[in-house]
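Here's the structure, in structure tokens; my notes come after.
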Amino acid sequence: MEFLSSIFYFIVVILVLVVIHEWGHFIAARMTGMRADIFAVGMGRRLFGWNKKMGFTLGPLPKDYEFDGTTDWRVCLFPIGGYVKIPGMIDESMDDSYDSGDIKPYEFRAKNTFQKALVLSAGVIMNFILAVVIFGGIKYFQGDYKTLTNEIAYVYNDSFASKIGLMTNDKILKINGNKTGTWEDMMFGLSLDNFGNNLNIEILRDSSKKQISVNKEQITKLITNNKKMEAGFNQALGIDPANCVVVVTEVLSLEPAGRAGLQKNDTLLSINEDMITSSSQLVDLINKNTGTLTLKFKRDNRLLNTFVTPDPTTNKIGVYTATIYIGDRLHIDYGLLESTKLGFNQSVELVNLIVTSFTEIFKGNIEFSSAVGGPIMIAKQSAKTAEMGFMSFLVFIANLSISLALINILPIPALDGGHLIVVIIEGIIRRELPTKAKVIIQNIGMILLFAFLIFVVYKDIMR
């Protein structure tokens, strides 16, 4: 069932991203007077499609089929991308038949450099716009929730936070000179906002201000090599906010907690007089104390206590818990223009983050194989984010859309960026490159892309 779920959401994600990207090429082509013979989702053999002349058909079109200004909307065999076939352009179809005839006014090669560049860039632009719409739409419909605390209630054992010197009850006042009035400010300030930069953290500890410095290599390793990043920034950084309670969400009746009388929705208060402020701290306290534990908890406004002895084999008591923030929160609503601006800014920040990540890869600070993912990883992440909710799934699509845009604009043959370089060169020398040269360039690019795809799929499998 999990496999089918991953496949389904992978298809949804790829369908959205490819259609949006290729729609950009299609619209720009039509706006500049070019024909678009084919709009393909997927690569390779035509499985089925529709056009005005033949309607819906299965399999490839007849070899002598004439498009005559119509578009064949098709789905192809390999779900690894898509393309728009524009007459007069060497692309994924490798069609060079136009080279023997006169230049037609509706062909790609008949247009000026700006028009060609616009068509080639339109897919990337549409991917960026999609991210802006998603990020902005979430701000407009959901607004923002701000957790109004900058105090650390607990620092996990052997965590990133503990290694850089943060301690329980510290208040983080500033990060690189920026005030941190909310927990969200702290989380992003300690991670993504300053990715690739050194950190200077100003804290308040026991009524005294102190400074903590962190070099950028530590931040890079945290974000790229920390498997706990998937669980959220709290887990990855190893800190929990003040003003939280730990609530039991499930009790295993045959385990120690069930036998001790704990029930769902109980609020856990302390173990052996040590206050419980987070689920992670609960685990650490159970591991720290040996033998029978004195557990205080609250049920329906009644203060109760019980004795529980962890399982000697697993050292667990058999409960699932949730850390719930009960302090002050601020909800912010945004208008349409402000939401759009925030969506744009968030998209730009994501572009900067990805570019910085590529820079760190080339510097050797990030292992290339651990920083890239292929179809298998995308499928798994698609299903995982969909399970977390519709908004999480949309955010995943937005993130992937920006990644797709940046990859496509790279100056690599067969990608939009590679085509763009060829067009710029032709604009400078004021003539077309030989068709054979373009075919060779395209073939080299396709070989590189398939080799890269094989590599990332292999890495996905090894993971």
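Naming works like this for the structure tokens: A, B, ... for the chains as they're shown, residue 1 at the start of each chain, ligands 1 onward in shown order.
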Counting only C-alpha atoms, what is within 7 Å of A:Ala414, bar same-chain residues fewer than 3 positions away, as a list in words?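 After dropping sequence-adjacent residues, the list is Gly418, His419, Gln442, Gly445 and Met446 of chain A.
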Take the selection from the previous step and output its residues with all heavy atoms, as a tab-separated table (two decimals), in the first residue's frame.
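Contents of again_23.tsv, as written:
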chain	number	residue	atom	x	y	z
A	418	GLY	N	21.22	25.08	-21.49
A	418	GLY	CA	22.11	24.74	-22.60
A	418	GLY	C	21.60	25.30	-23.91
A	418	GLY	O	22.37	25.85	-24.72
A	419	HIS	N	20.28	25.19	-24.15
A	419	HIS	CA	19.69	25.79	-25.35
A	419	HIS	C	19.89	27.31	-25.35
A	419	HIS	O	20.15	27.93	-26.39
A	419	HIS	CB	18.19	25.49	-25.41
A	419	HIS	CG	17.87	24.06	-25.70
A	419	HIS	ND1	18.32	23.40	-26.82
A	419	HIS	CD2	17.13	23.15	-25.01
A	419	HIS	CE1	17.88	22.16	-26.83
A	419	HIS	NE2	17.16	21.97	-25.73
A	442	GLN	N	23.02	18.20	-28.43
A	442	GLN	CA	21.82	17.65	-27.78
A	442	GLN	C	22.04	16.21	-27.36
A	442	GLN	O	21.63	15.80	-26.26
A	442	GLN	CB	20.63	17.75	-28.75
A	442	GLN	CG	19.29	17.35	-28.15
A	442	GLN	CD	18.77	18.37	-27.16
A	442	GLN	OE1	19.32	19.45	-27.02
A	442	GLN	NE2	17.70	18.01	-26.46
A	445	GLY	N	24.15	16.07	-24.30
A	445	GLY	CA	23.35	16.46	-23.14
A	445	GLY	C	22.44	15.34	-22.67
A	445	GLY	O	22.32	15.09	-21.47
A	446	MET	N	21.79	14.65	-23.63
A	446	MET	CA	20.89	13.55	-23.27
A	446	MET	C	21.66	12.42	-22.60
A	446	MET	O	21.19	11.81	-21.63
A	446	MET	CB	20.15	13.04	-24.51
A	446	MET	CG	19.20	14.05	-25.14
A	446	MET	SD	17.86	14.55	-24.03
A	446	MET	CE	16.88	13.06	-23.97
Per DSSP on the backbone, what are the strand (DSSP E) residues of stretch 284-323 of chain A, as a list in words? Leu293, Thr294, Leu295, Lys296, Phe297, Lys298, Arg299, Arg302, Leu303, Leu304, Asn305, Thr306, Phe307, Val308, Val319, Tyr320, Thr321, Ala322 and Thr323 of chain A
Measuring atom to atom with only C-alpha atoms, identify which of A:Leu4, A:Ala29, A:Ala236, A:Cys76 is nearest to A:Ser121. A:Ala29
Using only C-alpha atoms, which protein or nucleic acid residues come within 12 Å of A:Thr314? Drop anything in the same chain fewer than 4 positions from it, and give the result as an MDAnalysis selection string. chainID A and resid 255:256 283 286:287 309:310 318
Taking N, CA and C atoms for each residue, export the selection above as a JSON list (two decimals), in the first residue's frame.
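Output (selection22.json):
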[["chain", "number", "residue", "atom", "x", "y", "z"],
["A", 255, "GLU", "N", 2.29, -2.90, 28.26],
["A", 255, "GLU", "CA", 3.62, -2.39, 28.61],
["A", 255, "GLU", "C", 3.58, -1.77, 30.00],
["A", 256, "PRO", "N", 4.76, -1.42, 30.58],
["A", 256, "PRO", "CA", 4.80, -0.89, 31.96],
["A", 256, "PRO", "C", 3.86, 0.28, 32.20],
["A", 283, "VAL", "N", 12.30, 10.91, 27.31],
["A", 283, "VAL", "CA", 13.15, 9.77, 26.94],
["A", 283, "VAL", "C", 14.47, 9.83, 27.68],
["A", 286, "ILE", "N", 14.06, 8.90, 31.39],
["A", 286, "ILE", "CA", 13.88, 7.46, 31.57],
["A", 286, "ILE", "C", 15.22, 6.74, 31.45],
["A", 287, "ASN", "N", 16.05, 7.18, 30.49],
["A", 287, "ASN", "CA", 17.37, 6.56, 30.32],
["A", 287, "ASN", "C", 18.32, 6.92, 31.46],
["A", 309, "THR", "N", 8.18, 0.83, 36.11],
["A", 309, "THR", "CA", 9.53, 0.27, 35.90],
["A", 309, "THR", "C", 9.71, 0.00, 34.42],
["A", 310, "PRO", "N", 10.65, 0.70, 33.75],
["A", 310, "PRO", "CA", 10.85, 0.50, 32.32],
["A", 310, "PRO", "C", 11.18, -0.95, 31.99],
["A", 318, "GLY", "N", 6.41, 2.29, 27.26],
["A", 318, "GLY", "CA", 5.26, 1.93, 26.42],
["A", 318, "GLY", "C", 4.21, 3.02, 26.25]]
Could you build a table of the residues in stretch 313-416 of chain A lying no more than 12 Å from stretch 137-141 of chain A, giving for each the nearest pair of atoms and their separation in Å rounded to one decimal place, using only C-alpha atoms, ordered by chain and ascending residue number, as a tab-separated table?
residue	atom	partner	partner_atom	distance
A:His331	CA	A:Lys139	CA	11.1
A:Ile332	CA	A:Lys139	CA	9.1
A:Asp333	CA	A:Tyr140	CA	7.0
A:Tyr334	CA	A:Tyr140	CA	5.5
A:Gly335	CA	A:Tyr140	CA	6.3
A:Leu336	CA	A:Tyr140	CA	6.3
A:Leu337	CA	A:Tyr140	CA	9.1
A:Glu338	CA	A:Tyr140	CA	8.3
A:Ser339	CA	A:Tyr140	CA	5.3
A:Thr340	CA	A:Gly137	CA	7.5
A:Lys341	CA	A:Lys139	CA	9.9
A:Leu342	CA	A:Lys139	CA	7.6
A:Gly343	CA	A:Lys139	CA	7.5
A:Phe344	CA	A:Gly137	CA	10.9
A:Asn345	CA	A:Lys139	CA	11.9
A:Gln346	CA	A:Lys139	CA	10.6
A:Phe390	CA	A:Ile138	CA	10.6
A:Met391	CA	A:Ile138	CA	7.4
A:Ser392	CA	A:Ile138	CA	10.0
A:Phe393	CA	A:Ile138	CA	11.6
A:Leu394	CA	A:Ile138	CA	8.8
A:Val395	CA	A:Ile138	CA	8.8
A:Ala398	CA	A:Ile138	CA	11.1
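With distances taken over only C-alpha atoms, A:Thr113 is the one residue among A:Leu285, A:Thr113, A:Leu350, A:Ser6 lying closest to A:Ile429.
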Write out as an NGL selection string each polymer residue whose atoms come within 8 Å of stretch 122-133 of chain A, counting only C-alpha atoms; drop sequence neighbours fewer than 4 positions from it. :A and (17 or 20-25 or 28 or 118 or 137 or 340 or 343-344 or 346-347 or 397-399 or 401-402 or 404-406 or 408-409)
Residues of the last selection are to be written out with N, CA and C atoms, as a compact mmCIF listing (two decimals), in the first residue's frame.
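The new file part30.txt reads:
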# COMPACT_ATOMS: atom_id res chain seq x y z
N LEU A 17 4.48 19.58 -11.98
CA LEU A 17 5.70 20.32 -12.29
C LEU A 17 5.98 20.35 -13.79
N ILE A 20 3.27 22.55 -15.69
CA ILE A 20 3.51 23.99 -15.46
C ILE A 20 4.74 24.45 -16.23
N HIS A 21 5.82 23.68 -16.17
CA HIS A 21 7.06 24.06 -16.86
C HIS A 21 6.86 24.13 -18.37
N GLU A 22 6.29 23.07 -18.93
CA GLU A 22 6.12 23.04 -20.38
C GLU A 22 5.05 24.02 -20.85
N TRP A 23 4.07 24.29 -19.98
CA TRP A 23 3.05 25.29 -20.32
C TRP A 23 3.70 26.65 -20.53
N GLY A 24 4.73 26.94 -19.75
CA GLY A 24 5.47 28.19 -19.93
C GLY A 24 6.08 28.27 -21.31
N HIS A 25 6.75 27.19 -21.73
CA HIS A 25 7.32 27.16 -23.08
C HIS A 25 6.24 27.31 -24.14
N ALA A 28 4.72 30.94 -24.26
CA ALA A 28 5.70 31.89 -24.80
C ALA A 28 5.88 31.67 -26.30
N LEU A 118 13.23 34.16 -24.59
CA LEU A 118 12.00 34.20 -23.80
C LEU A 118 11.33 32.83 -23.77
N GLY A 137 -0.11 31.81 -1.50
CA GLY A 137 -1.45 31.32 -1.21
C GLY A 137 -1.58 30.80 0.21
N THR A 340 1.44 37.89 -1.63
CA THR A 340 2.22 37.70 -2.85
C THR A 340 3.67 38.11 -2.64
N GLY A 343 5.31 35.50 -0.55
CA GLY A 343 5.56 34.32 -1.38
C GLY A 343 6.75 34.51 -2.29
N PHE A 344 6.88 35.70 -2.87
CA PHE A 344 8.03 36.02 -3.72
C PHE A 344 9.32 35.98 -2.91
N GLN A 346 9.93 34.42 -0.12
CA GLN A 346 10.24 33.06 0.30
C GLN A 346 10.84 32.26 -0.85
N SER A 347 10.35 32.48 -2.06
CA SER A 347 10.89 31.80 -3.24
C SER A 347 12.33 32.24 -3.51
N ILE A 397 5.85 20.56 -3.25
CA ILE A 397 5.79 20.85 -4.69
C ILE A 397 6.48 22.17 -5.00
N ALA A 398 6.26 23.19 -4.15
CA ALA A 398 6.89 24.50 -4.36
C ALA A 398 8.41 24.39 -4.27
N ASN A 399 8.89 23.66 -3.27
CA ASN A 399 10.34 23.48 -3.12
C ASN A 399 10.93 22.76 -4.33
N SER A 401 9.64 22.66 -7.30
CA SER A 401 9.49 23.51 -8.47
C SER A 401 10.68 24.46 -8.61
N ILE A 402 11.10 25.03 -7.49
CA ILE A 402 12.28 25.92 -7.51
C ILE A 402 13.52 25.12 -7.88
N LEU A 404 13.66 22.39 -9.68
CA LEU A 404 13.57 22.08 -11.11
C LEU A 404 13.94 23.29 -11.96
N ALA A 405 13.50 24.47 -11.55
CA ALA A 405 13.82 25.69 -12.29
C ALA A 405 15.33 25.93 -12.33
N LEU A 406 15.98 25.79 -11.19
CA LEU A 406 17.42 26.05 -11.12
C LEU A 406 18.22 25.01 -11.90
N ASN A 408 17.12 23.31 -14.51
CA ASN A 408 16.87 23.51 -15.93
C ASN A 408 17.63 24.69 -16.52
N ILE A 409 17.92 25.68 -15.70
CA ILE A 409 18.60 26.87 -16.23
C ILE A 409 20.12 26.70 -16.24
One residue among A:Leu47, A:Ile421, A:Leu400, A:Ile354 is nearest to A:Val18 when using only C-alpha atoms, and that residue is A:Leu400
Would you mind writing down, as an mmCIF file with N, CA, C and O atoms, in the first residue's frame, each residue of stretch 228-304 of chain A that DSSP on the backbone assigns to helix (DSSP H, G or I)?
data_model
loop_
_atom_site.group_PDB
_atom_site.id
_atom_site.type_symbol
_atom_site.label_atom_id
_atom_site.label_comp_id
_atom_site.auth_asym_id
_atom_site.auth_seq_id
_atom_site.Cartn_x
_atom_site.Cartn_y
_atom_site.Cartn_z
ATOM 1 N N LYS A 228 17.695 13.999 11.346
ATOM 2 C CA LYS A 228 16.584 14.490 12.150
ATOM 3 C C LYS A 228 15.936 15.727 11.544
ATOM 4 O O LYS A 228 14.899 16.178 12.025
ATOM 5 N N MET A 229 16.548 16.291 10.487
ATOM 6 C CA MET A 229 15.945 17.455 9.836
ATOM 7 C C MET A 229 14.544 17.137 9.337
ATOM 8 O O MET A 229 13.675 18.003 9.308
ATOM 9 N N GLU A 230 14.309 15.876 8.946
ATOM 10 C CA GLU A 230 12.993 15.489 8.454
ATOM 11 C C GLU A 230 11.932 15.614 9.535
ATOM 12 O O GLU A 230 10.754 15.797 9.251
ATOM 13 N N ALA A 231 12.349 15.491 10.811
ATOM 14 C CA ALA A 231 11.400 15.565 11.920
ATOM 15 C C ALA A 231 11.129 17.001 12.352
ATOM 16 O O ALA A 231 10.281 17.242 13.201
ATOM 17 N N PHE A 233 12.876 21.295 12.798
ATOM 18 C CA PHE A 233 14.052 22.009 13.284
ATOM 19 C C PHE A 233 14.317 21.750 14.765
ATOM 20 O O PHE A 233 15.464 21.715 15.192
ATOM 21 N N ASN A 234 13.265 21.597 15.582
ATOM 22 C CA ASN A 234 13.480 21.323 17.001
ATOM 23 C C ASN A 234 14.330 20.072 17.183
ATOM 24 O O ASN A 234 15.302 20.064 17.947
ATOM 25 N N GLN A 235 13.952 18.997 16.493
ATOM 26 C CA GLN A 235 14.679 17.743 16.589
ATOM 27 C C GLN A 235 16.089 17.881 16.038
ATOM 28 O O GLN A 235 17.045 17.360 16.608
ATOM 29 N N ALA A 236 16.222 18.568 14.914
ATOM 30 C CA ALA A 236 17.528 18.693 14.271
ATOM 31 C C ALA A 236 18.503 19.507 15.121
ATOM 32 O O ALA A 236 19.663 19.134 15.274
ATOM 33 N N LEU A 237 18.029 20.604 15.675
ATOM 34 C CA LEU A 237 18.891 21.460 16.478
ATOM 35 C C LEU A 237 19.057 20.925 17.904
ATOM 36 O O LEU A 237 20.074 21.178 18.543
ATOM 37 N N PRO A 256 4.755 -1.416 30.578
ATOM 38 C CA PRO A 256 4.805 -0.892 31.955
ATOM 39 C C PRO A 256 3.861 0.280 32.205
ATOM 40 O O PRO A 256 3.208 0.333 33.255
ATOM 41 N N ALA A 257 3.762 1.229 31.273
ATOM 42 C CA ALA A 257 2.894 2.388 31.482
ATOM 43 C C ALA A 257 1.438 1.985 31.584
ATOM 44 O O ALA A 257 0.682 2.520 32.404
ATOM 45 N N GLY A 258 1.023 1.030 30.746
ATOM 46 C CA GLY A 258 -0.355 0.554 30.800
ATOM 47 C C GLY A 258 -0.648 -0.138 32.108
ATOM 48 O O GLY A 258 -1.719 0.069 32.721
ATOM 49 N N ARG A 259 0.275 -0.951 32.570
ATOM 50 C CA ARG A 259 0.080 -1.649 33.834
ATOM 51 C C ARG A 259 0.098 -0.690 35.022
ATOM 52 O O ARG A 259 -0.533 -0.952 36.054
ATOM 53 N N SER A 279 8.903 15.773 25.025
ATOM 54 C CA SER A 279 8.947 14.327 24.810
ATOM 55 C C SER A 279 10.383 13.822 24.762
ATOM 56 O O SER A 279 10.681 12.722 25.250
ATOM 57 N N SER A 280 11.272 14.608 24.190
ATOM 58 C CA SER A 280 12.678 14.205 24.132
ATOM 59 C C SER A 280 13.285 14.145 25.528
ATOM 60 O O SER A 280 14.065 13.240 25.844
ATOM 61 N N GLN A 281 12.920 15.104 26.367
ATOM 62 C CA GLN A 281 13.415 15.078 27.733
ATOM 63 C C GLN A 281 12.881 13.869 28.490
ATOM 64 O O GLN A 281 13.585 13.273 29.308
ATOM 65 N N LEU A 282 11.629 13.497 28.217
ATOM 66 C CA LEU A 282 11.044 12.314 28.851
ATOM 67 C C LEU A 282 11.897 11.091 28.573
ATOM 68 O O LEU A 282 12.206 10.304 29.482
ATOM 69 N N VAL A 283 12.304 10.909 27.312
ATOM 70 C CA VAL A 283 13.146 9.770 26.941
ATOM 71 C C VAL A 283 14.469 9.834 27.681
ATOM 72 O O VAL A 283 14.950 8.820 28.222
ATOM 73 N N ASP A 284 15.084 11.026 27.726
ATOM 74 C CA ASP A 284 16.372 11.172 28.408
ATOM 75 C C ASP A 284 16.255 10.891 29.896
ATOM 76 O O ASP A 284 17.144 10.278 30.504
ATOM 77 N N LEU A 285 15.156 11.320 30.521
ATOM 78 C CA LEU A 285 14.967 11.081 31.953
ATOM 79 C C LEU A 285 14.781 9.599 32.246
ATOM 80 O O LEU A 285 15.286 9.088 33.255
ATOM 81 N N ILE A 286 14.060 8.900 31.388
ATOM 82 C CA ILE A 286 13.884 7.460 31.573
ATOM 83 C C ILE A 286 15.222 6.743 31.454
ATOM 84 O O ILE A 286 15.529 5.828 32.232
ATOM 85 N N ASN A 287 16.048 7.178 30.488
ATOM 86 C CA ASN A 287 17.371 6.563 30.320
ATOM 87 C C ASN A 287 18.317 6.921 31.464
ATOM 88 O O ASN A 287 19.178 6.124 31.838
ATOM 89 N N LYS A 288 18.140 8.115 32.011
ATOM 90 C CA LYS A 288 19.021 8.603 33.081
ATOM 91 C C LYS A 288 18.758 7.894 34.401
ATOM 92 O O LYS A 288 19.688 7.561 35.146
#
From the list A:Asp72, A:Glu360, A:Glu202, A:Asp170, which residue is nearest A:Thr57 when using only C-alpha atoms?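 For A:Thr57, the nearest of the candidates is A:Asp72.
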Quick one: residues within 9 Å of A:Phe67, only C-alpha atoms counted, chain neighbours fewer than 4 positions away excluded, as a short mmCIF file (atom, residue, chain, number, x, y, z; two decimals) with C-alpha atoms, in the first residue's frame?
data_model
loop_
_atom_site.label_atom_id
_atom_site.label_comp_id
_atom_site.auth_asym_id
_atom_site.auth_seq_id
_atom_site.Cartn_x
_atom_site.Cartn_y
_atom_site.Cartn_z
CA ASP A 37 3.52 20.73 -32.73
CA ILE A 38 3.77 18.61 -29.58
CA ASN A 51 -5.21 16.63 -31.32
CA LYS A 53 -7.28 16.51 -36.50
CA THR A 71 -0.79 20.70 -31.25
CA ASP A 72 -0.68 17.03 -30.28
#
Residue contacts of A:Thr321 (8 Å, only C-alpha atoms) excluding same-chain residues fewer than 5 positions away, as a list in words: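 Once the adjacent positions are removed, what remains is Val246, Val247, Val248, Thr249, Glu250 and Ser279 of chain A.
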Could you save the residues just selected, with C-alpha atoms, as a compact mmCIF listing (two decimals), in the first residue's frame?
# COMPACT_ATOMS: atom_id res chain seq x y z
CA VAL A 246 3.88 16.55 27.40
CA VAL A 247 0.60 14.77 26.70
CA VAL A 248 0.11 11.01 26.32
CA THR A 249 -1.34 10.22 22.88
CA GLU A 250 -1.34 6.42 23.15
CA SER A 279 8.95 14.33 24.81
Point out the residue among A:Asn176, A:Ile212, A:Gly143, A:Val84 with the least atom-to-atom distance to A:Ser162, counting only C-alpha atoms. A:Ile212
